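Read the structure below first, then the notes.
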There are 2 protein chains.
Amino acid sequence: MTDDDHVFRALADPTRRFLLDLLFQRDGRTLKDLESGLAMTRFGVMKHLRVLEDAGLVVTRRSGREKLHYLNPVPIRLIHDRWIDKYREREVSALLALKADLESKKDKPS
Amino acid sequence: MTDDDHVFRALADPTRRFLLDLLFQRDGRTLKDLESGLAMTRFGVMKHLRVLEDAGLVVTRRSGREKLHYLNPVPIRLIHDRWIDKYREREVSALLALKADLESKKDKPS
DNA sequence: ACAATAGGTGACTATATGGTCACCTGTCAA
DNA sequence: TTGACAGGTGACCATATAGTCACCTATTGT
């Protein structure tokens, strides 16, 4: 439908989210590299990377016979801005900070 | 699969994103209210709201025979924090601010 | 040159998903 | 109390999607 539709459909699959996690840790990976971390054939991973690229969540650069993949955070940020205004952002940040605080105290109680 | 899976699958559908848009504009709406804005039967809308509620993107409160729906921004924020660290956040914010600046100048050229 | 390597395409199957309908439950107002 | 109203359930069908495979192209190193 619209353009952002690609982004959300791309994020709907757990394998694709895991690929983004891998690229979040370290950019510029090749298909072979990414494939090795997944219990799936090369073709499946390639299809997923194609979807991510069409969505603009991953950008690529060719280097010889290799294709390097990079994470593009812009679409993620736009999702955030769509449903979180300045008012809600303050609320949510405070809430999550409080939660993180409680979690840390649970780990090492005084 | 995991818990956040519900969130991303919920966001994958354009109708559900539109429902979030409606709740972003104004909270506390009833099913009848939301249904009236969509070219779909009541049952379709109800299914979508159910998915959003299971994902935690929408929270509800009963009031007599009505059920009021509210937007919960927390899962959205968690998506953001998953793939945007402090470093990338500065980059992206600057980029989007620049883009917004160019757009505004395109609208009313000096 | 040529074998190995990295990536790519189109077709196919099983399953998941969106949407509708017939029918049911609980609540409000005259 | 009884009809209208808001919401809910389970089954059903058409389509979209994930994953695999046979087969193909381009680049590298020896």
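By order of appearance in the structure tokens: chains A, B, ..., then residues from 1 within every chain, and ligands from 1 in the order shown.
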Rows by chain and residue number, chain B within 9 Å of chain D, shortest pair, only C-alpha atoms (C1' of nucleotides), as a Markdown table:
```
| residue | atom | partner | partner_atom | distance |
| --- | --- | --- | --- | --- |
| B:Thr30 | CA | D:DA6 | C1' | 9.0 |
| B:Leu31 | CA | D:DG7 | C1' | 8.1 |
| B:Lys32 | CA | D:DA6 | C1' | 7.6 |
| B:Met46 | CA | D:DG8 | C1' | 8.9 |
| B:Arg65 | CA | D:DA6 | C1' | 5.7 |
| B:Glu66 | CA | D:DA6 | C1' | 6.0 |
| B:Lys67 | CA | D:DG7 | C1' | 7.9 |
```
Now that the selection is made, can you save its residues with all heavy atoms as a compact mmCIF listing (two decimals), in the first residue's frame?
```txt
# COMPACT_ATOMS: atom_id res chain seq x y z
N THR B 30 -14.51 3.75 21.56
CA THR B 30 -15.21 2.49 21.60
C THR B 30 -15.10 1.79 20.25
O THR B 30 -14.72 2.40 19.25
CB THR B 30 -16.68 2.71 21.97
OG1 THR B 30 -17.44 1.60 21.54
CG2 THR B 30 -17.22 3.94 21.30
N LEU B 31 -15.43 0.52 20.24
CA LEU B 31 -15.38 -0.25 18.99
C LEU B 31 -16.26 0.37 17.94
O LEU B 31 -15.84 0.54 16.78
CB LEU B 31 -15.81 -1.69 19.27
CG LEU B 31 -16.07 -2.57 18.04
CD1 LEU B 31 -14.82 -2.72 17.20
CD2 LEU B 31 -16.58 -3.93 18.46
N LYS B 32 -17.48 0.72 18.29
CA LYS B 32 -18.41 1.34 17.34
C LYS B 32 -17.80 2.59 16.73
O LYS B 32 -17.89 2.82 15.53
CB LYS B 32 -19.71 1.72 18.09
CG LYS B 32 -20.77 0.64 18.04
CD LYS B 32 -21.39 0.55 16.65
CE LYS B 32 -22.31 -0.66 16.53
NZ LYS B 32 -22.86 -0.80 15.18
N MET B 46 -12.88 -5.74 15.15
CA MET B 46 -12.75 -6.37 16.46
C MET B 46 -11.54 -7.29 16.49
O MET B 46 -10.77 -7.29 17.46
CB MET B 46 -14.02 -7.15 16.78
CG MET B 46 -14.14 -7.55 18.23
SD MET B 46 -15.83 -7.98 18.66
CE MET B 46 -16.32 -8.87 17.20
N ARG B 65 -21.62 -1.39 29.03
CA ARG B 65 -21.56 -2.28 27.86
C ARG B 65 -20.56 -1.80 26.84
O ARG B 65 -20.47 -2.37 25.76
CB ARG B 65 -22.96 -2.38 27.23
CG ARG B 65 -23.48 -1.08 26.69
CD ARG B 65 -24.85 -1.24 26.05
NE ARG B 65 -25.51 0.05 25.90
CZ ARG B 65 -26.74 0.19 25.43
NH1 ARG B 65 -27.45 -0.86 25.08
NH2 ARG B 65 -27.29 1.39 25.33
N GLU B 66 -19.81 -0.78 27.17
CA GLU B 66 -18.80 -0.27 26.24
C GLU B 66 -17.40 -0.70 26.66
O GLU B 66 -17.15 -0.96 27.84
CB GLU B 66 -18.87 1.26 26.18
CG GLU B 66 -20.15 1.77 25.54
CD GLU B 66 -20.11 3.28 25.36
OE1 GLU B 66 -19.42 3.94 26.16
OE2 GLU B 66 -20.77 3.80 24.45
N LYS B 67 -16.52 -0.74 25.69
CA LYS B 67 -15.12 -1.06 25.95
C LYS B 67 -14.26 0.05 25.38
O LYS B 67 -14.27 0.28 24.17
CB LYS B 67 -14.77 -2.40 25.30
CG LYS B 67 -13.41 -2.95 25.68
CD LYS B 67 -13.19 -4.32 25.03
CE LYS B 67 -11.86 -4.93 25.42
NZ LYS B 67 -11.67 -6.24 24.76
```
Residues of chain B within 9 Å of chain C, only C-alpha atoms (C1' of nucleotides) counted, as number ranges by chain: B: 40-41, 43-44, 64-66
Contact set, chain B to chain A: 9 Å, only C-alpha atoms, as a tab-separated table (two decimals) with N, CA and C atoms, in the first residue's frame:
```tsv
chain	number	residue	atom	x	y	z
B	1	MET	N	6.71	-16.57	18.57
B	1	MET	CA	7.99	-16.96	19.14
B	1	MET	C	8.19	-16.23	20.46
B	2	THR	N	8.96	-15.16	20.46
B	2	THR	CA	9.13	-14.42	21.72
B	2	THR	C	7.93	-13.52	21.97
B	5	ASP	N	7.23	-10.59	19.45
B	5	ASP	CA	6.70	-11.06	18.17
B	5	ASP	C	5.27	-10.55	17.97
B	6	HIS	N	4.48	-10.56	19.01
B	6	HIS	CA	3.10	-10.08	18.91
B	6	HIS	C	3.07	-8.62	18.46
B	7	VAL	N	3.99	-7.83	18.98
B	7	VAL	CA	4.02	-6.41	18.65
B	7	VAL	C	4.27	-6.20	17.16
B	8	PHE	N	5.29	-6.85	16.64
B	8	PHE	CA	5.65	-6.64	15.24
B	8	PHE	C	4.60	-7.20	14.30
B	9	ARG	N	4.04	-8.35	14.64
B	9	ARG	CA	2.99	-8.89	13.79
B	9	ARG	C	1.76	-7.97	13.83
B	10	ALA	N	1.50	-7.40	14.97
B	10	ALA	CA	0.36	-6.48	15.07
B	10	ALA	C	0.57	-5.26	14.19
B	11	LEU	N	1.79	-4.77	14.14
B	11	LEU	CA	2.09	-3.57	13.37
B	11	LEU	C	2.16	-3.85	11.87
B	12	ALA	N	2.18	-5.11	11.48
B	12	ALA	CA	2.37	-5.46	10.07
B	12	ALA	C	1.17	-5.12	9.20
B	13	ASP	N	0.01	-4.94	9.82
B	13	ASP	CA	-1.20	-4.70	9.02
B	13	ASP	C	-1.57	-3.22	8.96
B	14	PRO	N	-1.85	-2.70	7.76
B	14	PRO	CA	-2.16	-1.27	7.61
B	14	PRO	C	-3.42	-0.85	8.36
B	20	LEU	N	-4.19	2.57	15.30
B	20	LEU	CA	-3.28	3.24	16.23
B	20	LEU	C	-3.23	4.74	15.95
B	21	ASP	N	-3.30	5.10	14.67
B	21	ASP	CA	-3.33	6.52	14.31
B	21	ASP	C	-4.56	7.19	14.92
B	24	PHE	N	-4.06	7.56	18.49
B	24	PHE	CA	-3.03	8.56	18.74
B	24	PHE	C	-3.64	9.95	18.75
B	71	LEU	N	-4.20	3.95	23.60
B	71	LEU	CA	-2.90	3.66	22.99
B	71	LEU	C	-1.82	3.55	24.06
B	73	PRO	N	2.16	3.53	24.34
B	73	PRO	CA	3.35	3.80	23.52
B	73	PRO	C	4.59	3.02	23.93
B	74	VAL	N	4.53	2.28	25.04
B	74	VAL	CA	5.74	1.61	25.54
B	74	VAL	C	6.36	0.64	24.53
B	76	ILE	N	6.30	0.64	21.38
B	76	ILE	CA	6.89	1.40	20.28
B	76	ILE	C	8.27	1.91	20.67
B	77	ARG	N	8.34	2.41	21.89
B	77	ARG	CA	9.63	2.93	22.37
B	77	ARG	C	10.68	1.82	22.45
B	79	ILE	N	10.89	-0.79	20.54
B	79	ILE	CA	11.37	-1.05	19.18
B	79	ILE	C	12.50	-0.09	18.85
B	80	HIS	N	12.26	1.17	19.13
B	80	HIS	CA	13.27	2.20	18.89
B	80	HIS	C	14.58	1.87	19.59
B	82	ARG	N	15.73	-0.84	20.55
B	82	ARG	CA	16.39	-2.11	20.16
B	82	ARG	C	17.46	-1.89	19.09
B	83	TRP	N	17.20	-0.97	18.16
B	83	TRP	CA	18.13	-0.83	17.04
B	83	TRP	C	18.73	0.57	16.94
B	84	ILE	N	18.40	1.45	17.87
B	84	ILE	CA	18.98	2.79	17.84
B	84	ILE	C	19.65	3.07	19.16
B	88	ARG	N	23.76	6.33	17.20
B	88	ARG	CA	22.91	6.42	16.01
B	88	ARG	C	21.79	7.44	16.20
B	89	GLU	N	21.30	7.56	17.43
B	89	GLU	CA	20.20	8.48	17.67
B	89	GLU	C	20.61	9.91	17.32
B	92	VAL	N	20.70	10.14	13.45
B	92	VAL	CA	19.38	10.12	12.82
B	92	VAL	C	18.61	11.40	13.11
B	93	SER	N	18.67	11.86	14.35
B	93	SER	CA	17.96	13.09	14.70
B	93	SER	C	18.46	14.26	13.86
B	95	LEU	N	19.91	14.10	10.95
B	95	LEU	CA	19.52	13.90	9.57
B	95	LEU	C	18.06	14.27	9.33
B	96	LEU	N	17.19	13.83	10.23
B	96	LEU	CA	15.77	14.11	10.06
B	96	LEU	C	15.47	15.59	10.25
```
Members of chain A assigned strand (DSSP E or B) by DSSP, as a PyMOL selection string: chain A and resi 29+58-63+66-71
Would you output that residue set with all heavy atoms, as a JSON list (two decimals), in the first residue's frame?
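Now in again-v1.json:
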```json
[["chain", "number", "residue", "atom", "x", "y", "z"],
["A", 29, "ARG", "N", 28.36, -6.63, 6.84],
["A", 29, "ARG", "CA", 28.52, -8.07, 6.70],
["A", 29, "ARG", "C", 28.07, -8.54, 5.32],
["A", 29, "ARG", "O", 27.27, -7.91, 4.65],
["A", 29, "ARG", "CB", 27.69, -8.81, 7.75],
["A", 29, "ARG", "CG", 27.99, -8.39, 9.16],
["A", 29, "ARG", "CD", 27.66, -9.52, 10.11],
["A", 29, "ARG", "NE", 27.58, -9.09, 11.49],
["A", 29, "ARG", "CZ", 27.81, -9.89, 12.51],
["A", 29, "ARG", "NH1", 28.13, -11.15, 12.30],
["A", 29, "ARG", "NH2", 27.70, -9.45, 13.75],
["A", 58, "VAL", "N", 17.87, -1.87, 5.46],
["A", 58, "VAL", "CA", 19.25, -2.28, 5.20],
["A", 58, "VAL", "C", 19.68, -1.65, 3.88],
["A", 58, "VAL", "O", 18.94, -1.67, 2.90],
["A", 58, "VAL", "CB", 19.36, -3.81, 5.11],
["A", 58, "VAL", "CG1", 20.67, -4.22, 4.47],
["A", 58, "VAL", "CG2", 19.21, -4.44, 6.49],
["A", 59, "VAL", "N", 20.86, -1.07, 3.89],
["A", 59, "VAL", "CA", 21.44, -0.55, 2.65],
["A", 59, "VAL", "C", 22.67, -1.38, 2.32],
["A", 59, "VAL", "O", 23.32, -1.93, 3.21],
["A", 59, "VAL", "CB", 21.81, 0.94, 2.77],
["A", 59, "VAL", "CG1", 20.56, 1.78, 2.88],
["A", 59, "VAL", "CG2", 22.72, 1.17, 3.94],
["A", 60, "THR", "N", 22.98, -1.49, 1.02],
["A", 60, "THR", "CA", 24.05, -2.39, 0.61],
["A", 60, "THR", "C", 25.08, -1.66, -0.25],
["A", 60, "THR", "O", 24.79, -0.60, -0.83],
["A", 60, "THR", "CB", 23.50, -3.58, -0.19],
["A", 60, "THR", "OG1", 22.85, -3.07, -1.36],
["A", 60, "THR", "CG2", 22.52, -4.37, 0.63],
["A", 61, "ARG", "N", 26.25, -2.26, -0.32],
["A", 61, "ARG", "CA", 27.33, -1.72, -1.14],
["A", 61, "ARG", "C", 28.07, -2.91, -1.74],
["A", 61, "ARG", "O", 28.40, -3.85, -1.03],
["A", 61, "ARG", "CB", 28.28, -0.89, -0.27],
["A", 61, "ARG", "CG", 29.36, -0.16, -1.02],
["A", 61, "ARG", "CD", 30.06, 0.83, -0.09],
["A", 61, "ARG", "NE", 30.76, 0.16, 1.01],
["A", 61, "ARG", "CZ", 31.98, -0.38, 0.89],
["A", 61, "ARG", "NH1", 32.64, -0.30, -0.25],
["A", 61, "ARG", "NH2", 32.56, -0.96, 1.93],
["A", 62, "ARG", "N", 28.27, -2.86, -3.05],
["A", 62, "ARG", "CA", 28.96, -3.96, -3.70],
["A", 62, "ARG", "C", 30.47, -3.77, -3.59],
["A", 62, "ARG", "O", 30.96, -2.64, -3.68],
["A", 62, "ARG", "CB", 28.59, -4.04, -5.18],
["A", 62, "ARG", "CG", 27.11, -4.14, -5.41],
["A", 62, "ARG", "CD", 26.62, -5.45, -5.97],
["A", 62, "ARG", "NE", 27.53, -6.57, -5.86],
["A", 62, "ARG", "CZ", 27.22, -7.80, -6.26],
["A", 62, "ARG", "NH1", 26.05, -8.01, -6.81],
["A", 62, "ARG", "NH2", 28.06, -8.77, -6.13],
["A", 63, "SER", "N", 31.15, -4.86, -3.37],
["A", 63, "SER", "CA", 32.61, -4.83, -3.33],
["A", 63, "SER", "C", 33.10, -6.10, -4.00],
["A", 63, "SER", "O", 33.17, -7.16, -3.37],
["A", 63, "SER", "CB", 33.09, -4.75, -1.88],
["A", 63, "SER", "OG", 34.48, -4.97, -1.83],
["A", 66, "GLU", "N", 31.37, -9.53, -3.59],
["A", 66, "GLU", "CA", 30.69, -9.51, -2.29],
["A", 66, "GLU", "C", 29.70, -8.36, -2.23],
["A", 66, "GLU", "O", 29.84, -7.35, -2.91],
["A", 66, "GLU", "CB", 31.71, -9.38, -1.17],
["A", 66, "GLU", "CG", 32.59, -10.61, -0.99],
["A", 66, "GLU", "CD", 33.47, -10.48, 0.23],
["A", 66, "GLU", "OE1", 33.79, -9.33, 0.60],
["A", 66, "GLU", "OE2", 33.83, -11.51, 0.82],
["A", 67, "LYS", "N", 28.69, -8.53, -1.37],
["A", 67, "LYS", "CA", 27.69, -7.48, -1.15],
["A", 67, "LYS", "C", 27.65, -7.20, 0.35],
["A", 67, "LYS", "O", 27.29, -8.09, 1.13],
["A", 67, "LYS", "CB", 26.33, -7.95, -1.65],
["A", 67, "LYS", "CG", 25.28, -6.87, -1.69],
["A", 67, "LYS", "CD", 23.99, -7.41, -2.30],
["A", 67, "LYS", "CE", 22.92, -6.35, -2.41],
["A", 67, "LYS", "NZ", 21.67, -6.91, -2.95],
["A", 68, "LEU", "N", 27.98, -6.00, 0.72],
["A", 68, "LEU", "CA", 28.06, -5.67, 2.14],
["A", 68, "LEU", "C", 26.76, -5.03, 2.60],
["A", 68, "LEU", "O", 26.19, -4.20, 1.91],
["A", 68, "LEU", "CB", 29.23, -4.70, 2.37],
["A", 68, "LEU", "CG", 30.57, -5.19, 1.82],
["A", 68, "LEU", "CD1", 31.67, -4.18, 2.08],
["A", 68, "LEU", "CD2", 30.92, -6.56, 2.41],
["A", 69, "HIS", "N", 26.29, -5.42, 3.78],
["A", 69, "HIS", "CA", 25.00, -4.98, 4.29],
["A", 69, "HIS", "C", 25.18, -4.08, 5.51],
["A", 69, "HIS", "O", 25.94, -4.41, 6.41],
["A", 69, "HIS", "CB", 24.15, -6.19, 4.66],
["A", 69, "HIS", "CG", 23.84, -7.09, 3.49],
["A", 69, "HIS", "ND1", 24.76, -7.96, 2.97],
["A", 69, "HIS", "CD2", 22.73, -7.23, 2.73],
["A", 69, "HIS", "CE1", 24.23, -8.62, 1.95],
["A", 69, "HIS", "NE2", 23.00, -8.20, 1.77],
["A", 70, "TYR", "N", 24.43, -2.97, 5.50],
["A", 70, "TYR", "CA", 24.51, -2.01, 6.60],
["A", 70, "TYR", "C", 23.11, -1.70, 7.13],
["A", 70, "TYR", "O", 22.15, -1.66, 6.36],
["A", 70, "TYR", "CB", 25.16, -0.70, 6.13],
["A", 70, "TYR", "CG", 26.58, -0.89, 5.63],
["A", 70, "TYR", "CD1", 26.84, -1.24, 4.31],
["A", 70, "TYR", "CD2", 27.65, -0.71, 6.50],
["A", 70, "TYR", "CE1", 28.14, -1.42, 3.86],
["A", 70, "TYR", "CE2", 28.97, -0.88, 6.06],
["A", 70, "TYR", "CZ", 29.20, -1.24, 4.74],
["A", 70, "TYR", "OH", 30.48, -1.42, 4.30],
["A", 71, "LEU", "N", 23.03, -1.49, 8.42],
["A", 71, "LEU", "CA", 21.76, -1.15, 9.06],
["A", 71, "LEU", "C", 21.45, 0.33, 8.87],
["A", 71, "LEU", "O", 22.31, 1.18, 9.09],
["A", 71, "LEU", "CB", 21.83, -1.49, 10.56],
["A", 71, "LEU", "CG", 20.67, -1.04, 11.44],
["A", 71, "LEU", "CD1", 19.38, -1.73, 11.00],
["A", 71, "LEU", "CD2", 20.95, -1.36, 12.89]]
```
Members of chain B assigned helix (DSSP H, G or I) by DSSP, as an NGL selection string: :B and (4-11 or 14-25 or 31-36 or 42-54 or 74-83 or 86-107)
Pairwise distance for CA of Leu38 (chain B) and CA of Arg50 (chain B), rounded to one decimal in Å: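 Between CA of Leu38 (chain B) and CA of Arg50 (chain B) the gap works out to 16.0 Å.
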CA of Asp54 (chain B) to CA of Ala94 (chain A), distance in Å rounded to a single decimal: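 One can read the CA of Asp54 (chain B) to CA of Ala94 (chain A) distance as 23.7 Å.
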